[in-house]
>>> print(open('structure33.pdb').read())   # PDB, N, CA and C atoms
ATOM      1  N   PRO C   1      23.116   4.122 -20.834
ATOM      2  CA  PRO C   1      22.050   3.307 -20.256
ATOM      3  C   PRO C   1      22.576   2.381 -19.159
ATOM      4  N   PHE C   2      21.739   2.129 -18.209
ATOM      5  CA  PHE C   2      22.038   1.208 -17.122
ATOM      6  C   PHE C   2      22.045  -0.227 -17.670
ATOM      7  N   ILE C   3      21.060  -0.544 -18.502
ATOM      8  CA  ILE C   3      20.961  -1.862 -19.153
ATOM      9  C   ILE C   3      20.488  -1.633 -20.586
ATOM     10  N   VAL C   4      20.999  -2.415 -21.526
ATOM     11  CA  VAL C   4      20.495  -2.425 -22.899
ATOM     12  C   VAL C   4      20.090  -3.866 -23.209
ATOM     13  N   ILE C   5      18.831  -4.034 -23.635
ATOM     14  CA  ILE C   5      18.293  -5.359 -23.914
ATOM     15  C   ILE C   5      17.927  -5.428 -25.394
ATOM     16  N   PRO C   6      18.546  -6.329 -26.161
ATOM     17  CA  PRO C   6      18.146  -6.487 -27.560
ATOM     18  C   PRO C   6      16.691  -6.941 -27.635
ATOM     19  N   ALA C   7      15.979  -6.420 -28.614
ATOM     20  CA  ALA C   7      14.569  -6.784 -28.770
ATOM     21  C   ALA C   7      14.305  -7.205 -30.209
ATOM     22  N   ALA C   8      15.058  -8.189 -30.668
ATOM     23  CA  ALA C   8      14.929  -8.658 -32.045
ATOM     24  C   ALA C   8      13.835  -9.712 -32.183
ATOM     25  N   GLY C   9      13.375 -10.249 -31.085
ATOM     26  CA  GLY C   9      12.322 -11.260 -31.096
ATOM     27  C   GLY C   9      11.528 -11.153 -29.809
ATOM     28  N   ALA C  10      10.754 -12.158 -29.541
ATOM     29  CA  ALA C  10       9.973 -12.175 -28.300
ATOM     30  C   ALA C  10      10.926 -12.018 -27.107
ATOM     31  N   PRO C  11      10.426 -11.447 -25.979
ATOM     32  CA  PRO C  11      11.297 -11.276 -24.816
ATOM     33  C   PRO C  11      12.026 -12.563 -24.434
ATOM     34  N   SER C  12      13.295 -12.430 -24.137
ATOM     35  CA  SER C  12      14.150 -13.563 -23.773
ATOM     36  C   SER C  12      13.679 -14.205 -22.476
ATOM     37  N   PRO C  13      13.805 -15.517 -22.371
ATOM     38  CA  PRO C  13      13.475 -16.187 -21.115
ATOM     39  C   PRO C  13      14.349 -15.680 -19.959
ATOM     40  N   ARG C  14      15.526 -15.125 -20.283
ATOM     41  CA  ARG C  14      16.436 -14.605 -19.260
ATOM     42  C   ARG C  14      16.143 -13.156 -18.890
ATOM     43  N   LEU C  15      15.154 -12.556 -19.530
ATOM     44  CA  LEU C  15      14.860 -11.148 -19.294
ATOM     45  C   LEU C  15      14.598 -10.864 -17.822
ATOM     46  N   GLU C  16      13.770 -11.660 -17.199
ATOM     47  CA  GLU C  16      13.445 -11.417 -15.794
ATOM     48  C   GLU C  16      14.687 -11.499 -14.913
ATOM     49  N   GLU C  17      15.527 -12.478 -15.177
ATOM     50  CA  GLU C  17      16.767 -12.633 -14.414
ATOM     51  C   GLU C  17      17.674 -11.407 -14.591
ATOM     52  N   GLN C  18      17.835 -10.953 -15.817
ATOM     53  CA  GLN C  18      18.704  -9.805 -16.107
ATOM     54  C   GLN C  18      18.176  -8.525 -15.470
ATOM     55  N   VAL C  19      16.899  -8.253 -15.661
ATOM     56  CA  VAL C  19      16.312  -7.030 -15.139
ATOM     57  C   VAL C  19      16.284  -7.061 -13.615
ATOM     58  N   SER C  20      15.900  -8.183 -13.049
ATOM     59  CA  SER C  20      15.822  -8.299 -11.587
ATOM     60  C   SER C  20      17.184  -8.066 -10.937
ATOM     61  N   ALA C  21      18.210  -8.697 -11.451
ATOM     62  CA  ALA C  21      19.548  -8.555 -10.869
ATOM     63  C   ALA C  21      20.016  -7.100 -10.912
ATOM     64  N   ALA C  22      19.846  -6.456 -12.051
ATOM     65  CA  ALA C  22      20.289  -5.071 -12.191
ATOM     66  C   ALA C  22      19.436  -4.125 -11.341
ATOM     67  N   ALA C  23      18.127  -4.329 -11.344
ATOM     68  CA  ALA C  23      17.236  -3.458 -10.575
ATOM     69  C   ALA C  23      17.485  -3.599  -9.072
ATOM     70  N   GLU C  24      17.681  -4.817  -8.618
ATOM     71  CA  GLU C  24      17.941  -5.023  -7.191
ATOM     72  C   GLU C  24      19.242  -4.337  -6.768
ATOM     73  N   LYS C  25      20.235  -4.377  -7.629
ATOM     74  CA  LYS C  25      21.502  -3.698  -7.341
ATOM     75  C   LYS C  25      21.277  -2.185  -7.227
ATOM     76  N   ALA C  26      20.517  -1.629  -8.152
ATOM     77  CA  ALA C  26      20.227  -0.194  -8.121
ATOM     78  C   ALA C  26      19.405   0.173  -6.886
ATOM     79  N   MET C  27      18.454  -0.672  -6.516
ATOM     80  CA  MET C  27      17.603  -0.382  -5.360
ATOM     81  C   MET C  27      18.387  -0.459  -4.045
ATOM     82  N   ARG C  28      19.413  -1.299  -4.007
ATOM     83  CA  ARG C  28      20.265  -1.350  -2.812
ATOM     84  C   ARG C  28      21.087  -0.068  -2.668
ATOM     85  N   ARG C  29      21.513   0.473  -3.790
ATOM     86  CA  ARG C  29      22.340   1.692  -3.759
ATOM     87  C   ARG C  29      21.511   2.948  -3.521
ATOM     88  N   TYR C  30      20.314   2.990  -4.114
ATOM     89  CA  TYR C  30      19.476   4.185  -4.043
ATOM     90  C   TYR C  30      18.049   3.774  -3.655
ATOM     91  N   ALA C  31      17.644   4.109  -2.445
ATOM     92  CA  ALA C  31      16.337   3.687  -1.938
ATOM     93  C   ALA C  31      15.173   4.218  -2.780
ATOM     94  N   ASP C  32      15.329   5.409  -3.337
ATOM     95  CA  ASP C  32      14.225   6.009  -4.093
ATOM     96  C   ASP C  32      14.490   6.028  -5.600
ATOM     97  N   VAL C  33      15.193   5.032  -6.081
ATOM     98  CA  VAL C  33      15.550   4.963  -7.498
ATOM     99  C   VAL C  33      14.297   4.908  -8.385
ATOM    100  N   SER C  34      14.402   5.567  -9.531
ATOM    101  CA  SER C  34      13.358   5.512 -10.557
ATOM    102  C   SER C  34      13.976   4.926 -11.814
ATOM    103  N   PHE C  35      13.140   4.334 -12.641
ATOM    104  CA  PHE C  35      13.610   3.684 -13.856
ATOM    105  C   PHE C  35      12.917   4.291 -15.069
ATOM    106  N   ASP C  36      13.704   4.686 -16.064
ATOM    107  CA  ASP C  36      13.187   5.160 -17.344
ATOM    108  C   ASP C  36      13.455   4.069 -18.370
ATOM    109  N   ILE C  37      12.400   3.566 -18.960
ATOM    110  CA  ILE C  37      12.496   2.482 -19.941
ATOM    111  C   ILE C  37      12.208   3.086 -21.320
ATOM    112  N   PHE C  38      13.165   2.946 -22.234
ATOM    113  CA  PHE C  38      12.995   3.441 -23.594
ATOM    114  C   PHE C  38      12.905   2.263 -24.553
ATOM    115  N   ALA C  39      11.771   2.132 -25.223
ATOM    116  CA  ALA C  39      11.604   1.129 -26.265
ATOM    117  C   ALA C  39      12.067   1.775 -27.564
ATOM    118  N   VAL C  40      13.198   1.327 -28.083
ATOM    119  CA  VAL C  40      13.768   1.903 -29.305
ATOM    120  C   VAL C  40      13.341   1.025 -30.479
ATOM    121  N   ARG C  41      12.435   1.564 -31.283
ATOM    122  CA  ARG C  41      11.870   0.806 -32.411
ATOM    123  C   ARG C  41      12.760   0.896 -33.646
ATOM    124  N   PRO C  42      12.685  -0.125 -34.514
ATOM    125  CA  PRO C  42      13.391  -0.030 -35.802
ATOM    126  C   PRO C  42      12.788   1.111 -36.631
ATOM    127  N   PRO C  43      13.494   1.597 -37.657
ATOM    128  CA  PRO C  43      13.017   2.735 -38.451
ATOM    129  C   PRO C  43      11.599   2.575 -39.003
ATOM    130  N   GLY C  44      11.219   1.395 -39.422
ATOM    131  CA  GLY C  44       9.884   1.188 -39.986
ATOM    132  C   GLY C  44       8.809   0.972 -38.944
ATOM    133  N   GLY C  45       9.176   1.004 -37.680
ATOM    134  CA  GLY C  45       8.209   0.746 -36.612
ATOM    135  C   GLY C  45       8.100  -0.743 -36.346
ATOM    136  N   GLY C  46       7.197  -1.097 -35.499
ATOM    137  CA  GLY C  46       6.984  -2.503 -35.174
ATOM    138  C   GLY C  46       8.122  -3.068 -34.352
ATOM    139  N   GLY C  47       8.372  -4.324 -34.543
ATOM    140  CA  GLY C  47       9.420  -4.985 -33.777
ATOM    141  C   GLY C  47       8.926  -5.405 -32.400
ATOM    142  N   PHE C  48       9.836  -5.842 -31.591
ATOM    143  CA  PHE C  48       9.480  -6.382 -30.291
ATOM    144  C   PHE C  48       9.876  -5.469 -29.131
ATOM    145  N   ALA C  49      10.379  -4.283 -29.426
ATOM    146  CA  ALA C  49      10.835  -3.382 -28.365
ATOM    147  C   ALA C  49       9.696  -3.015 -27.412
ATOM    148  N   GLU C  50       8.513  -2.777 -27.947
ATOM    149  CA  GLU C  50       7.383  -2.404 -27.093
ATOM    150  C   GLU C  50       7.027  -3.530 -26.130
ATOM    151  N   ASN C  51       6.962  -4.752 -26.638
ATOM    152  CA  ASN C  51       6.637  -5.899 -25.776
ATOM    153  C   ASN C  51       7.693  -6.078 -24.689
ATOM    154  N   THR C  52       8.947  -5.951 -25.073
ATOM    155  CA  THR C  52      10.032  -6.115 -24.107
ATOM    156  C   THR C  52      10.000  -4.995 -23.065
ATOM    157  N   ALA C  53       9.672  -3.781 -23.488
ATOM    158  CA  ALA C  53       9.577  -2.664 -22.548
ATOM    159  C   ALA C  53       8.465  -2.910 -21.526
ATOM    160  N   TRP C  54       7.308  -3.353 -21.985
ATOM    161  CA  TRP C  54       6.205  -3.603 -21.052
ATOM    162  C   TRP C  54       6.488  -4.792 -20.150
ATOM    163  N   GLU C  55       7.184  -5.777 -20.661
ATOM    164  CA  GLU C  55       7.573  -6.914 -19.817
ATOM    165  C   GLU C  55       8.581  -6.451 -18.760
ATOM    166  N   THR C  56       9.484  -5.561 -19.138
ATOM    167  CA  THR C  56      10.441  -4.993 -18.193
ATOM    168  C   THR C  56       9.709  -4.225 -17.103
ATOM    169  N   ARG C  57       8.710  -3.453 -17.493
ATOM    170  CA  ARG C  57       7.894  -2.721 -16.532
ATOM    171  C   ARG C  57       7.217  -3.679 -15.552
ATOM    172  N   ARG C  58       6.664  -4.755 -16.076
ATOM    173  CA  ARG C  58       5.986  -5.747 -15.235
ATOM    174  C   ARG C  58       6.958  -6.342 -14.213
ATOM    175  N   ILE C  59       8.172  -6.621 -14.646
ATOM    176  CA  ILE C  59       9.191  -7.197 -13.746
ATOM    177  C   ILE C  59       9.524  -6.205 -12.629
ATOM    178  N   LEU C  60       9.692  -4.939 -12.984
ATOM    179  CA  LEU C  60       9.995  -3.926 -11.966
ATOM    180  C   LEU C  60       8.850  -3.791 -10.968
ATOM    181  N   ARG C  61       7.636  -3.816 -11.453
ATOM    182  CA  ARG C  61       6.465  -3.746 -10.549
ATOM    183  C   ARG C  61       6.452  -4.958  -9.614
ATOM    184  N   LYS C  62       6.766  -6.122 -10.149
ATOM    185  CA  LYS C  62       6.816  -7.357  -9.354
ATOM    186  C   LYS C  62       7.865  -7.252  -8.247
ATOM    187  N   LEU C  63       8.935  -6.504  -8.501
ATOM    188  CA  LEU C  63       9.994  -6.294  -7.510
ATOM    189  C   LEU C  63       9.603  -5.254  -6.461
ATOM    190  N   GLY C  64       8.443  -4.619  -6.652
ATOM    191  CA  GLY C  64       7.970  -3.644  -5.679
ATOM    192  C   GLY C  64       8.250  -2.198  -6.020
ATOM    193  N   VAL C  65       8.712  -1.928  -7.235
ATOM    194  CA  VAL C  65       8.958  -0.540  -7.636
ATOM    195  C   VAL C  65       7.599   0.121  -7.877
ATOM    196  N   PRO C  66       7.321   1.240  -7.197
ATOM    197  CA  PRO C  66       6.040   1.918  -7.399
ATOM    198  C   PRO C  66       5.862   2.392  -8.840
ATOM    199  N   GLU C  67       4.624   2.355  -9.287
ATOM    200  CA  GLU C  67       4.281   2.778 -10.651
ATOM    201  C   GLU C  67       4.817   4.170 -10.966
ATOM    202  N   LYS C  68       4.748   5.081  -9.998
ATOM    203  CA  LYS C  68       5.173   6.467 -10.237
ATOM    204  C   LYS C  68       6.677   6.594 -10.455
ATOM    205  N   ARG C  69       7.438   5.527 -10.189
ATOM    206  CA  ARG C  69       8.893   5.575 -10.400
ATOM    207  C   ARG C  69       9.327   4.776 -11.624
ATOM    208  N   ILE C  70       8.367   4.475 -12.502
ATOM    209  CA  ILE C  70       8.672   3.771 -13.756
ATOM    210  C   ILE C  70       8.060   4.572 -14.902
ATOM    211  N   ALA C  71       8.884   4.935 -15.867
ATOM    212  CA  ALA C  71       8.399   5.644 -17.053
ATOM    213  C   ALA C  71       8.760   4.818 -18.285
ATOM    214  N   VAL C  72       7.796   4.673 -19.193
ATOM    215  CA  VAL C  72       8.031   3.951 -20.451
ATOM    216  C   VAL C  72       7.846   4.940 -21.598
ATOM    217  N   THR C  73       8.849   5.006 -22.461
ATOM    218  CA  THR C  73       8.836   5.930 -23.598
ATOM    219  C   THR C  73       9.186   5.156 -24.861
ATOM    220  N   TYR C  74       8.570   5.550 -25.977
ATOM    221  CA  TYR C  74       8.841   4.917 -27.266
ATOM    222  C   TYR C  74       9.584   5.906 -28.153
ATOM    223  N   VAL C  75      10.676   5.448 -28.741
ATOM    224  CA  VAL C  75      11.454   6.309 -29.634
ATOM    225  C   VAL C  75      11.847   5.522 -30.885
ATOM    226  N   ALA C  76      12.071   6.250 -31.969
ATOM    227  CA  ALA C  76      12.525   5.626 -33.215
ATOM    228  C   ALA C  76      14.045   5.483 -33.167
ATOM    229  N   GLY C  77      14.524   4.351 -33.639
ATOM    230  CA  GLY C  77      15.957   4.109 -33.689
ATOM    231  C   GLY C  77      16.442   3.998 -35.115
ATOM    232  N   LYS C  78      17.715   3.706 -35.274
ATOM    233  CA  LYS C  78      18.303   3.580 -36.613
ATOM    234  C   LYS C  78      18.647   2.139 -36.950
ATOM    235  N   SER C  79      18.648   1.268 -35.953
ATOM    236  CA  SER C  79      18.995  -0.131 -36.160
ATOM    237  C   SER C  79      17.803  -0.889 -36.741
ATOM    238  N   GLU C  80      18.096  -1.943 -37.484
ATOM    239  CA  GLU C  80      17.039  -2.765 -38.068
ATOM    240  C   GLU C  80      16.297  -3.596 -37.018
ATOM    241  N   THR C  81      16.923  -3.773 -35.875
ATOM    242  CA  THR C  81      16.262  -4.470 -34.773
ATOM    243  C   THR C  81      16.073  -3.482 -33.643
ATOM    244  N   GLY C  82      15.091  -3.713 -32.827
ATOM    245  CA  GLY C  82      14.833  -2.814 -31.712
ATOM    246  C   GLY C  82      15.655  -3.192 -30.490
ATOM    247  N   GLU C  83      15.561  -2.335 -29.494
ATOM    248  CA  GLU C  83      16.197  -2.630 -28.212
ATOM    249  C   GLU C  83      15.464  -1.842 -27.136
ATOM    250  N   VAL C  84      15.706  -2.249 -25.911
ATOM    251  CA  VAL C  84      15.155  -1.546 -24.762
ATOM    252  C   VAL C  84      16.324  -1.032 -23.945
ATOM    253  N   ARG C  85      16.272   0.244 -23.625
ATOM    254  CA  ARG C  85      17.307   0.869 -22.802
ATOM    255  C   ARG C  85      16.678   1.253 -21.474
ATOM    256  N   ILE C  86      17.343   0.878 -20.403
ATOM    257  CA  ILE C  86      16.841   1.213 -19.072
ATOM    258  C   ILE C  86      17.848   2.159 -18.419
ATOM    259  N   TYR C  87      17.349   3.273 -17.955
ATOM    260  CA  TYR C  87      18.154   4.261 -17.257
ATOM    261  C   TYR C  87      17.652   4.366 -15.810
ATOM    262  N   VAL C  88      18.540   4.662 -14.899
ATOM    263  CA  VAL C  88      18.129   4.895 -13.527
ATOM    264  C   VAL C  88      18.320   6.379 -13.214
ATOM    265  N   ARG C  89      17.471   6.871 -12.338
ATOM    266  CA  ARG C  89      17.629   8.255 -11.883
ATOM    267  C   ARG C  89      17.235   8.332 -10.430
TER
END
>>> encode(input="structure33.pdb", output="structure tokens")
Amino acid sequence: PFIVIPAAGAPSPRLEEQVSAAAEKAMRRYADVSFDIFAVRPPGGGGFAENTAWETRRILRKLGVPEKRIAVTYVAGKSETGEVRIYVR
């Protein structure tokens, strides 16, 4: 993953700073970069991964990334806490 964001609680106040810095770096290197956001849920479901994934999407849109270059996917994980994984392509 390009970035891994723990999602054990509500999105971190630093989330925008972290995502923006990494996304801007990727956009400088690749003009047509796309982002795949994976919300990895805990085994029982729930958690905050979904909220963090959608907040990450909102931040990327705010940076000017077109909707067609952002994909959000939900997957089951093995950890008791969720996380969000961001990949670039």
>>> closest_residue(input="structure33.pdb", among="C:Lys78, C:Ala8, C:Lys62, C:Thr56", to="Ile37 (chain C)", atoms="only N, CA and C atoms")
C:Thr56
>>> atom_distance(input="structure33.pdb", atom1="CA of Ser34 (chain C)", atom2="CA of Ile86 (chain C)")
10.2 Å
>>> atom_distance(input="structure33.pdb", atom1="atom C of Pro6 (chain C)", atom2="CA of Ala21 (chain C)")
17.1 Å
>>> resolve_selection(input="structure33.pdb", expression="the PyMOL selection byres (((chain C and resi 15 and name CA) around 12) and name CA)", output="PyMOL selection string")
chain C and resi 3-7+10-14+16-23+51-60+84
>>> atom_distance(input="structure33.pdb", atom1="CA of Phe2 (chain C)", atom2="CA of Arg85 (chain C)")
7.4 Å
